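Structure file work.pdb (PDB, C-alpha atoms) is printed below.
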```pdb
ATOM      1  CA  MET A   1     146.797  28.197 132.180
ATOM      2  CA  VAL A   2     148.688  27.260 129.012
ATOM      3  CA  GLU A   3     145.631  28.212 126.988
ATOM      4  CA  ALA A   4     145.438  31.596 128.718
ATOM      5  CA  LEU A   5     149.123  32.198 127.979
ATOM      6  CA  ALA A   6     148.623  31.253 124.323
ATOM      7  CA  ILE A   7     145.718  33.674 124.118
ATOM      8  CA  ARG A   8     147.830  36.479 125.647
ATOM      9  CA  ILE A   9     150.645  35.848 123.171
ATOM     10  CA  SER A  10     148.185  35.927 120.268
ATOM     11  CA  ILE A  11     146.787  39.216 121.579
ATOM     12  CA  LEU A  12     150.289  40.710 121.620
ATOM     13  CA  ALA A  13     150.950  39.337 118.137
ATOM     14  CA  GLY A  14     147.702  40.876 116.925
ATOM     15  CA  PRO A  15     144.385  39.070 116.489
ATOM     16  CA  LYS A  16     143.524  38.111 112.950
ATOM     17  CA  SER A  17     139.953  36.892 113.366
ATOM     18  CA  ASP A  18     137.551  35.344 115.854
ATOM     19  CA  SER A  19     138.139  31.889 114.400
ATOM     20  CA  GLN A  20     141.538  31.605 116.099
ATOM     21  CA  TYR A  21     139.859  31.564 119.523
ATOM     22  CA  HIS A  22     138.387  28.280 120.735
ATOM     23  CA  PHE A  23     136.229  28.742 123.810
ATOM     24  CA  THR A  24     133.746  26.314 125.323
ATOM     25  CA  GLY A  25     130.710  26.672 127.542
ATOM     26  CA  PHE A  26     130.085  30.058 129.152
ATOM     27  CA  LYS A  27     133.290  31.503 127.692
ATOM     28  CA  ASN A  28     132.023  30.729 124.196
ATOM     29  CA  TYR A  29     129.283  33.345 124.628
ATOM     30  CA  PHE A  30     130.901  35.728 127.105
ATOM     31  CA  ASN A  31     134.558  36.595 126.652
ATOM     32  CA  SER A  32     136.539  39.751 126.026
ATOM     33  CA  TYR A  33     138.340  38.469 122.888
ATOM     34  CA  THR A  34     135.804  37.618 120.196
ATOM     35  CA  LEU A  35     133.315  40.073 118.702
ATOM     36  CA  ASN A  36     130.324  38.029 119.838
ATOM     37  CA  GLY A  37     131.711  37.640 123.350
ATOM     38  CA  ARG A  38     132.330  41.360 123.721
ATOM     39  CA  LYS A  39     128.955  42.214 122.219
ATOM     40  CA  ASN A  40     127.177  39.881 124.665
ATOM     41  CA  TYR A  41     129.007  41.364 127.647
ATOM     42  CA  VAL A  42     128.021  44.881 126.526
ATOM     43  CA  LEU A  43     124.367  43.905 126.057
ATOM     44  CA  VAL A  44     124.218  42.152 129.446
ATOM     45  CA  THR A  45     125.755  45.194 131.161
ATOM     46  CA  TYR A  46     123.240  47.558 129.557
ATOM     47  CA  ARG A  47     120.323  45.267 130.405
ATOM     48  CA  GLY A  48     121.585  44.947 133.962
ATOM     49  CA  ILE A  49     121.667  48.753 134.318
ATOM     50  CA  ALA A  50     118.190  48.981 132.755
ATOM     51  CA  LEU A  51     116.877  46.479 135.343
ATOM     52  CA  LEU A  52     118.630  48.164 138.266
ATOM     53  CA  LEU A  53     117.043  51.559 137.598
ATOM     54  CA  PRO A  54     113.385  50.522 138.199
ATOM     55  CA  TYR A  55     114.562  48.472 141.192
ATOM     56  CA  PHE A  56     116.045  51.539 142.866
ATOM     57  CA  LYS A  57     113.052  53.612 141.837
ATOM     58  CA  ALA A  58     110.643  51.119 143.410
ATOM     59  CA  ARG A  59     112.820  50.872 146.516
ATOM     60  CA  TYR A  60     112.474  54.561 147.298
ATOM     61  CA  LYS A  61     108.805  54.743 146.406
ATOM     62  CA  LYS A  62     106.747  55.817 149.423
ATOM     63  CA  THR A  63     104.207  53.282 150.694
ATOM     64  CA  PRO A  64     100.522  54.411 151.381
ATOM     65  CA  ALA A  65     100.997  53.912 155.151
ATOM     66  CA  VAL A  66     103.942  56.324 155.167
ATOM     67  CA  LYS A  67     101.946  58.880 153.118
ATOM     68  CA  ALA A  68      99.021  58.706 155.613
ATOM     69  CA  LYS A  69     101.445  59.648 158.435
TER
ATOM     70  CA  MET B  70     140.916  97.342 128.306
ATOM     71  CA  ASN B  71     139.315  94.871 130.684
ATOM     72  CA  GLU B  72     135.744  95.686 129.734
ATOM     73  CA  ASN B  73     136.544  95.160 126.038
ATOM     74  CA  LEU B  74     138.397  91.899 126.512
ATOM     75  CA  PHE B  75     135.489  89.758 125.328
ATOM     76  CA  ALA B  76     134.120  92.270 122.835
ATOM     77  CA  PRO B  77     135.702  90.425 119.853
ATOM     78  CA  PHE B  78     133.645  87.343 120.767
ATOM     79  CA  ILE B  79     130.268  89.075 120.610
ATOM     80  CA  THR B  80     128.454  88.305 117.355
ATOM     81  CA  PRO B  81     128.357  91.490 115.304
ATOM     82  CA  THR B  82     124.931  92.836 114.388
ATOM     83  CA  ILE B  83     123.649  95.425 111.946
ATOM     84  CA  MET B  84     120.538  97.195 113.215
ATOM     85  CA  GLY B  85     119.824  94.268 115.521
ATOM     86  CA  ILE B  86     120.153  91.614 112.801
ATOM     87  CA  THR B  87     123.002  89.164 113.271
ATOM     88  CA  THR B  88     125.620  89.122 110.541
ATOM     89  CA  LEU B  89     126.810  85.602 111.409
ATOM     90  CA  PRO B  90     125.347  83.958 108.250
ATOM     91  CA  ILE B  91     127.198  86.474 106.055
ATOM     92  CA  ILE B  92     130.442  85.876 107.972
ATOM     93  CA  MET B  93     130.064  82.104 107.616
ATOM     94  CA  ILE B  94     129.394  82.337 103.870
ATOM     95  CA  PHE B  95     132.368  84.692 103.330
ATOM     96  CA  PRO B  96     135.032  81.917 102.930
ATOM     97  CA  CYS B  97     132.982  80.511 100.021
ATOM     98  CA  ILE B  98     133.502  83.805  98.186
ATOM     99  CA  ILE B  99     137.269  83.609  98.740
ATOM    100  CA  LEU B 100     137.538  79.952  97.743
ATOM    101  CA  SER B 101     136.303  80.179  94.173
ATOM    102  CA  THR B 102     135.560  77.197  91.957
ATOM    103  CA  PRO B 103     136.927  76.970  88.407
ATOM    104  CA  LYS B 104     134.415  78.036  85.763
ATOM    105  CA  ARG B 105     136.638  77.202  82.757
ATOM    106  CA  TRP B 106     138.454  74.118  81.587
ATOM    107  CA  LEU B 107     141.831  75.547  82.668
ATOM    108  CA  PRO B 108     141.581  77.196  86.085
ATOM    109  CA  ASN B 109     143.670  80.194  87.073
ATOM    110  CA  ARG B 110     146.727  79.997  89.350
ATOM    111  CA  ILE B 111     144.905  80.462  92.627
ATOM    112  CA  GLN B 112     142.331  77.834  91.734
ATOM    113  CA  THR B 113     145.079  75.440  90.606
ATOM    114  CA  LEU B 114     146.817  75.916  93.932
ATOM    115  CA  GLN B 115     143.524  75.398  95.757
ATOM    116  CA  ILE B 116     142.773  72.198  93.805
ATOM    117  CA  TRP B 117     146.280  70.903  94.460
ATOM    118  CA  LEU B 118     145.923  71.603  98.195
ATOM    119  CA  ILE B 119     142.523  69.911  98.394
ATOM    120  CA  ARG B 120     143.880  66.865  96.522
ATOM    121  CA  GLN B 121     146.829  66.564  98.906
ATOM    122  CA  ILE B 122     144.587  66.786 101.969
ATOM    123  CA  THR B 123     142.081  64.340 100.466
ATOM    124  CA  LYS B 124     144.797  61.799  99.633
ATOM    125  CA  GLN B 125     146.330  62.008 103.091
ATOM    126  CA  MET B 126     143.097  61.943 105.051
ATOM    127  CA  LEU B 127     141.098  59.381 103.097
ATOM    128  CA  SER B 128     143.844  56.838 102.454
ATOM    129  CA  MET B 129     142.817  54.804 105.520
ATOM    130  CA  HIS B 130     139.117  54.668 104.615
ATOM    131  CA  ASN B 131     137.212  51.973 102.741
ATOM    132  CA  THR B 132     134.717  52.670  99.916
ATOM    133  CA  ARG B 133     131.931  53.584 102.319
ATOM    134  CA  GLY B 134     134.123  55.971 104.278
ATOM    135  CA  ARG B 135     135.329  57.700 101.117
ATOM    136  CA  THR B 136     131.778  58.826 100.339
ATOM    137  CA  TRP B 137     132.412  61.348 103.122
ATOM    138  CA  ALA B 138     135.245  63.013 101.153
ATOM    139  CA  LEU B 139     133.221  66.083 100.184
ATOM    140  CA  MET B 140     131.935  66.612 103.722
ATOM    141  CA  LEU B 141     135.376  66.260 105.321
ATOM    142  CA  MET B 142     137.098  68.536 102.807
ATOM    143  CA  SER B 143     134.366  71.170 103.190
ATOM    144  CA  LEU B 144     134.759  70.935 106.948
ATOM    145  CA  ILE B 145     138.522  71.411 106.988
ATOM    146  CA  LEU B 146     138.399  74.245 104.464
ATOM    147  CA  PHE B 147     135.624  76.026 106.339
ATOM    148  CA  ILE B 148     137.283  75.790 109.764
ATOM    149  CA  ALA B 149     140.753  76.680 108.439
ATOM    150  CA  SER B 150     139.495  79.668 106.454
ATOM    151  CA  THR B 151     137.334  81.047 109.288
ATOM    152  CA  ASN B 152     140.182  80.587 111.783
ATOM    153  CA  LEU B 153     142.702  82.327 109.510
ATOM    154  CA  LEU B 154     140.328  85.163 108.619
ATOM    155  CA  GLY B 155     139.667  85.639 112.329
ATOM    156  CA  LEU B 156     143.295  86.542 112.888
ATOM    157  CA  LEU B 157     142.837  89.742 110.907
ATOM    158  CA  PRO B 158     142.396  92.845 113.077
ATOM    159  CA  TYR B 159     138.830  93.822 113.991
ATOM    160  CA  SER B 160     137.422  90.627 112.495
ATOM    161  CA  PHE B 161     135.039  88.150 114.063
ATOM    162  CA  THR B 162     135.797  84.421 114.289
ATOM    163  CA  PRO B 163     132.704  82.214 114.178
ATOM    164  CA  THR B 164     134.648  79.250 115.582
ATOM    165  CA  THR B 165     135.004  81.025 118.931
ATOM    166  CA  GLN B 166     131.294  80.396 119.445
ATOM    167  CA  LEU B 167     130.734  77.110 121.286
ATOM    168  CA  ALA B 168     127.217  76.927 119.866
ATOM    169  CA  MET B 169     128.559  76.817 116.343
ATOM    170  CA  ASN B 170     131.226  74.229 117.088
ATOM    171  CA  ILE B 171     128.738  72.006 118.886
ATOM    172  CA  GLY B 172     126.444  72.510 115.897
ATOM    173  CA  MET B 173     129.209  71.065 113.710
ATOM    174  CA  ALA B 174     130.470  68.369 116.087
ATOM    175  CA  ILE B 175     127.268  66.689 117.269
ATOM    176  CA  PRO B 176     125.634  66.028 113.853
ATOM    177  CA  LEU B 177     128.889  64.709 112.377
ATOM    178  CA  TRP B 178     129.634  62.464 115.374
ATOM    179  CA  LEU B 179     126.043  61.253 115.567
ATOM    180  CA  ALA B 180     126.051  60.469 111.847
ATOM    181  CA  THR B 181     129.137  58.272 112.268
ATOM    182  CA  VAL B 182     127.635  56.476 115.275
ATOM    183  CA  ILE B 183     124.297  55.869 113.550
ATOM    184  CA  MET B 184     126.146  54.657 110.447
ATOM    185  CA  GLY B 185     128.137  52.241 112.587
ATOM    186  CA  PHE B 186     125.091  50.848 114.370
ATOM    187  CA  ARG B 187     123.148  50.535 111.111
ATOM    188  CA  ASN B 188     125.813  48.800 109.034
ATOM    189  CA  LYS B 189     127.856  46.908 111.614
ATOM    190  CA  PRO B 190     125.874  46.674 114.868
ATOM    191  CA  LYS B 191     127.948  43.787 116.266
ATOM    192  CA  VAL B 192     131.273  45.572 115.766
ATOM    193  CA  SER B 193     129.857  48.865 117.068
ATOM    194  CA  LEU B 194     128.631  47.193 120.270
ATOM    195  CA  ALA B 195     131.861  45.227 120.662
ATOM    196  CA  HIS B 196     133.829  48.506 120.571
ATOM    197  CA  PHE B 197     132.486  49.322 124.021
ATOM    198  CA  LEU B 198     134.695  46.575 125.465
ATOM    199  CA  PRO B 199     138.421  46.677 124.634
ATOM    200  CA  GLN B 200     139.848  43.324 123.633
ATOM    201  CA  GLY B 201     141.580  41.369 126.376
ATOM    202  CA  THR B 202     139.932  43.141 129.305
ATOM    203  CA  PRO B 203     140.150  41.178 132.561
ATOM    204  CA  THR B 204     136.744  39.866 133.649
ATOM    205  CA  PRO B 205     136.378  41.849 136.935
ATOM    206  CA  LEU B 206     136.915  45.135 135.078
ATOM    207  CA  ILE B 207     134.407  44.482 132.286
ATOM    208  CA  PRO B 208     131.252  46.245 133.635
ATOM    209  CA  MET B 209     133.196  49.293 134.757
ATOM    210  CA  LEU B 210     135.069  49.558 131.461
ATOM    211  CA  ILE B 211     131.860  49.292 129.427
ATOM    212  CA  ILE B 212     130.386  52.187 131.408
ATOM    213  CA  ILE B 213     133.604  54.198 130.977
ATOM    214  CA  GLU B 214     133.679  53.532 127.221
ATOM    215  CA  THR B 215     130.026  54.574 126.932
ATOM    216  CA  ILE B 216     130.713  57.825 128.751
ATOM    217  CA  SER B 217     133.792  58.451 126.584
ATOM    218  CA  LEU B 218     131.660  57.936 123.483
ATOM    219  CA  PHE B 219     129.184  60.609 124.568
ATOM    220  CA  ILE B 220     131.973  62.993 125.512
ATOM    221  CA  GLN B 221     133.536  62.811 122.022
ATOM    222  CA  PRO B 222     131.394  65.544 120.370
ATOM    223  CA  LEU B 223     131.707  67.839 123.389
ATOM    224  CA  ALA B 224     135.480  67.410 123.388
ATOM    225  CA  LEU B 225     135.593  68.147 119.659
ATOM    226  CA  ALA B 226     133.635  71.374 120.052
ATOM    227  CA  VAL B 227     135.279  72.598 123.257
ATOM    228  CA  ARG B 228     138.790  71.849 121.928
ATOM    229  CA  LEU B 229     138.266  74.095 118.908
ATOM    230  CA  THR B 230     136.482  76.832 120.870
ATOM    231  CA  ALA B 231     139.021  76.932 123.691
ATOM    232  CA  ASN B 232     142.086  76.945 121.430
ATOM    233  CA  ILE B 233     140.854  79.727 119.172
ATOM    234  CA  THR B 234     139.385  81.810 122.013
ATOM    235  CA  ALA B 235     142.526  81.486 124.140
ATOM    236  CA  GLY B 236     144.732  82.489 121.235
ATOM    237  CA  HIS B 237     142.655  85.552 120.449
ATOM    238  CA  LEU B 238     142.582  86.583 124.110
ATOM    239  CA  LEU B 239     146.363  86.240 124.398
ATOM    240  CA  ILE B 240     146.915  88.331 121.276
ATOM    241  CA  HIS B 241     144.553  90.973 122.650
ATOM    242  CA  LEU B 242     146.238  91.032 126.078
ATOM    243  CA  ILE B 243     149.814  91.081 124.831
ATOM    244  CA  GLY B 244     148.930  93.687 122.194
ATOM    245  CA  SER B 245     147.372  95.893 124.876
ATOM    246  CA  ALA B 246     150.407  95.343 127.095
ATOM    247  CA  THR B 247     152.775  96.326 124.246
ATOM    248  CA  LEU B 248     150.837  99.548 123.714
ATOM    249  CA  ALA B 249     150.696 100.357 127.427
ATOM    250  CA  LEU B 250     154.390  99.638 127.950
ATOM    251  CA  SER B 251     155.474 101.769 124.974
ATOM    252  CA  SER B 252     154.980 104.957 127.040
ATOM    253  CA  ILE B 253     156.801 103.452 130.057
ATOM    254  CA  SER B 254     159.782 101.554 128.679
ATOM    255  CA  MET B 255     160.590 101.076 124.995
ATOM    256  CA  THR B 256     162.874  98.101 125.692
ATOM    257  CA  VAL B 257     160.204  96.132 127.511
ATOM    258  CA  SER B 258     157.667  97.174 124.899
ATOM    259  CA  THR B 259     159.960  95.848 122.138
ATOM    260  CA  ILE B 260     160.360  92.532 123.956
ATOM    261  CA  THR B 261     156.580  92.309 124.366
ATOM    262  CA  PHE B 262     156.140  93.117 120.688
ATOM    263  CA  THR B 263     158.543  90.293 119.789
ATOM    264  CA  ILE B 264     156.468  87.946 121.944
ATOM    265  CA  LEU B 265     153.342  89.209 120.171
ATOM    266  CA  PHE B 266     154.934  88.534 116.780
ATOM    267  CA  LEU B 267     155.896  84.989 117.770
ATOM    268  CA  LEU B 268     152.451  84.413 119.250
ATOM    269  CA  THR B 269     150.804  85.523 116.018
ATOM    270  CA  ILE B 270     152.889  82.992 114.102
ATOM    271  CA  LEU B 271     151.841  80.361 116.646
ATOM    272  CA  GLU B 272     148.195  81.335 116.242
ATOM    273  CA  LEU B 273     148.491  80.977 112.463
ATOM    274  CA  ALA B 274     149.728  77.444 113.000
ATOM    275  CA  VAL B 275     147.074  76.714 115.640
ATOM    276  CA  ALA B 276     144.340  77.945 113.285
ATOM    277  CA  MET B 277     145.336  75.393 110.658
ATOM    278  CA  ILE B 278     146.189  72.617 113.090
ATOM    279  CA  GLN B 279     142.844  72.880 114.887
ATOM    280  CA  ALA B 280     141.005  72.598 111.576
ATOM    281  CA  TYR B 281     143.079  69.508 110.747
ATOM    282  CA  VAL B 282     142.567  67.965 114.204
ATOM    283  CA  PHE B 283     138.782  68.502 114.107
ATOM    284  CA  THR B 284     138.490  66.915 110.678
ATOM    285  CA  LEU B 285     140.921  64.118 111.494
ATOM    286  CA  LEU B 286     138.971  63.138 114.597
ATOM    287  CA  VAL B 287     135.683  63.094 112.673
ATOM    288  CA  SER B 288     137.484  60.978 110.084
ATOM    289  CA  LEU B 289     138.695  58.599 112.812
ATOM    290  CA  TYR B 290     135.194  58.236 114.257
ATOM    291  CA  LEU B 291     134.007  57.489 110.716
ATOM    292  CA  HIS B 292     136.770  54.909 110.240
ATOM    293  CA  ASP B 293     135.768  53.157 113.477
ATOM    294  CA  ASN B 294     132.166  52.953 112.313
ATOM    295  CA  SER B 295     132.481  52.163 108.602
TER
END
```
How would this structure read if it were set down as C-alpha cells?
Amino acid sequence: MVEALAIRISILAGPKSDSQYHFTGFKNYFNSYTLNGRKNYVLVTYRGIALLLPYFKARYKKTPAVKAK
Amino acid sequence: MNENLFAPFITPTIMGITTLPIIMIFPCIILSTPKRWLPNRIQTLQIWLIRQITKQMLSMHNTRGRTWALMLMSLILFIASTNLLGLLPYSFTPTTQLAMNIGMAIPLWLATVIMGFRNKPKVSLAHFLPQGTPTPLIPMLIIIETISLFIQPLALAVRLTANITAGHLLIHLIGSATLALSSISMTVSTITFTILFLLTILELAVAMIQAYVFTLLVSLYLHDNS
C-alpha cells in the first residue's frame, strides 16, 4: 500500500525514467507505468483480440448436419 | 438562392476538364522565391514570416523531427493561401473538398505513425496505454486509444473541410439575406450587412487559424513519434 502511494506521488511529480520503478514478478512484465510493462499489455490485448476473432468465427460456422437439414 | 447554395463547392471545369490542378498550383505563383541575393520587399516579408512560423513550430522537435520543416512550412503556406484566396468573390476553395483534405491528412499521419513504429517501436506501442491506468480499465483503454489513433486523420480532414465550408455557406446566406432585405427594410439590411462584415473578418481569421491548427496537429503527431 505504501509502495502504491509512493508510485502515485511519483506519477504526480512526473516520471523521469523506468529505472525509478521497482516491480517484481508479474508486475515486472505487466504494469501501466514502465514502457516495457505498457508495451506488453498492449501486445497481449492485441493478441487476445486476434485469438478471439477466429474463435467467434468457428463458433458460428455451420456444421455439416445442420447444412443437410 | 437555394439551388445555388452549394454551387461554390463544385469543382470548376473548362470544357469538361477539371481546373483543380491549376487552382492548387496558383498559390505557388503568388508566393515567389527570391532569384537575387537581395530579395524584394514582398519576398523579405515572406521569408520573415516563414522564419517566425518555423521557429515557433519546430522549437519542440528534435533533430529527426526538424527534417520535416520544409513539409510543414509548405503545408501551412498552402492551406493558408488557398483558404484566403477562397474568400475572394466567385473563387473556388480547394480545401472545401473532403477528398483533398483526406489526401493531405492520411499520408502525413501515416508517415508519422510508420516513422514512430520504425524508429521507436517500444515507445509507439506503449503510447496506446496511458501511464498509471488502473488494471481493470487497461484492455478497454487500449482499444479506445487504438480507435482514437485511426480517427486522427479523419478528424484532421473533416475539421478543415467543415470549418471552411461552413464559413463560406454562412457568408453566402447572410450576403443573400442582405440583398433580399435591402428592398424590404434598409435598417435590417444594414444590420445584416454589419453582421456580414464581422463574419468576413472572422472567416479571415478562421482561414489562417485552420491552416495553423492542421499543421500544428501534424507536428504534434510527428513529435509523439520522433
Problem - For Pro163 of chain B, the nearest of the candidates B:Met209, B:Val275, B:Ile111, B:Leu89, counting all atoms listed in the file - result: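 Comparing B:Met209, B:Val275, B:Ile111, B:Leu89 against Pro163 of chain B, the winner is B:Leu89.
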Handout entry: Result set, the PyMOL selection byres ((chain B) within 8 of (chain A)) on current file, as a list in words
Key =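 The output of the PyMOL selection byres ((chain B) within 8 of (chain A)) on this file is Lys191, Val192, Leu194, Ala195, His196, Phe197, Leu198, Pro199, Gln200, Gly201, Thr202, Pro203, Thr204, Ile207, Pro208 and Ile211 of chain B.
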Handout entry: Expected selection from the PyMOL selection byres ((chain B and resi 141) around 10), given as number ranges by chain
Key = B: 122-123, 126-127, 135-140, 142-147, 177, 281, 283-285, 287-288
Exercise for the section: Please provide as a PyMOL selection string all residues within 10 Å of Thr181 of chain B, with the sequence filter that same-chain residues fewer than 3 positions apart are discarded (counting all atoms listed in the file). Expected result: chain B and resi 134+175-178+184-187+287-295
Exercise for the section: Between atom CA of Thr132 of chain B and atom CA of Ile216 of chain B, measure the distance and give it in Å to one decimal. Expected result: 29.6 Å
Practice task
Between B:Phe219, B:Thr151, B:Ala226, B:Leu273, single out the one closest to Gly172 of chain B, counting all atoms listed in the file.
Solution key: B:Ala226
